[in-house]
Amino acid sequence: MKNIYLLYSIIDVSYTKALIVTNTHGILYYASLGDKPEVLILTMKKDFSRFKNYVLQPIVGKANSEVSETLEKFRLMAEDPRLINTMHKQIPYEFIFGTELQRKVWNQLMNTKALETVCYSQMASNLGMSKSSRVVGAACGANKIALFVPCHRALTKLGQISGYRWGVPLKQRLLKLEQKPLLKESSLKKK
């Protein structure tokens, strides 16, 4: 089996840090959030441990233009989560984690818009599994591309904030950030 080399970098955003994994063409495979870089790296290595042919390498020095563009667009999206849906069209990505069902849940979440929330039971019903809201919640928890797959927009049937892979306080913060004005569209144009 041929090795696949992936690059990772930790970027600072105003409220946390984000660890991003791409290939050399800037395709996004993984994103995690947290305050401690060493924990982010350990978690990433654990998450990738079942993929024996993936070789993770830190970006040393300046990344190529494709990777730099993905990192910058992710940073913009993290600063203003209202940009998530815009970035779905601008950041190339690939799901390498997850079951077919989990990916269906993630794709459904990617259709939610800023300021929109969806409850787990409604998502389960939309997928034809009306009694499986816990399965949908578990799929949200298995998401490995933070923010890009907006699991923070998934709430309980009563509209309450429940678990979040990267912590409930961060989920609350992201929902609040979505209530702020959108960045100017001109800052998102490709160079």
# chains A, B, ... in the order shown; residues from 1 in each chain; ligands from 1
>>> select_by_dssp(residues="chain A", states="strand (DSSP E or B)", output="number ranges by chain")
A: 4-13, 16-22, 28-34, 54-58, 93, 118-119, 145, 154-155
>>> residues_around(residues="segment 8-24 of chain A", least_positions_apart="6", cutoff="8 Å", atoms="only C-alpha atoms", output="number ranges by chain")
A: 30-37, 40-41, 56-59, 64, 66-67, 71, 75, 78-79
>>> select_by_dssp(residues="segment 42-191 of chain A", states="helix (DSSP H, G or I)", output="PyMOL selection string")
chain A and resi 42-48+65-79+81-90+100-109+120-126+133-141+151-153+168-177+185-188
>>> closest_residue(among="A:Lys113, A:Lys104, A:His152, A:Lys180", to="Val136 of chain A", atoms="only C-alpha atoms")
A:Lys104
>>> atom_distance(atom1="atom CA of Thr156 of chain A", atom2="atom CA of Met77 of chain A")
24.7 Å
>>> atom_distance(atom1="atom CA of Val118 of chain A", atom2="atom CA of Leu101 of chain A")
17.3 Å
>>> residues_around(residues="Gly137 of chain A", least_positions_apart="5", cutoff="10 Å", atoms="only C-alpha atoms", output="list in words")
Gln102, Val105, Cys119, Tyr120, Ser121, Met123, Ala124, Ser132, Ala142, Cys151, Ala154, Leu155, Thr156, Ser162, Gly163 and Tyr164 of chain A
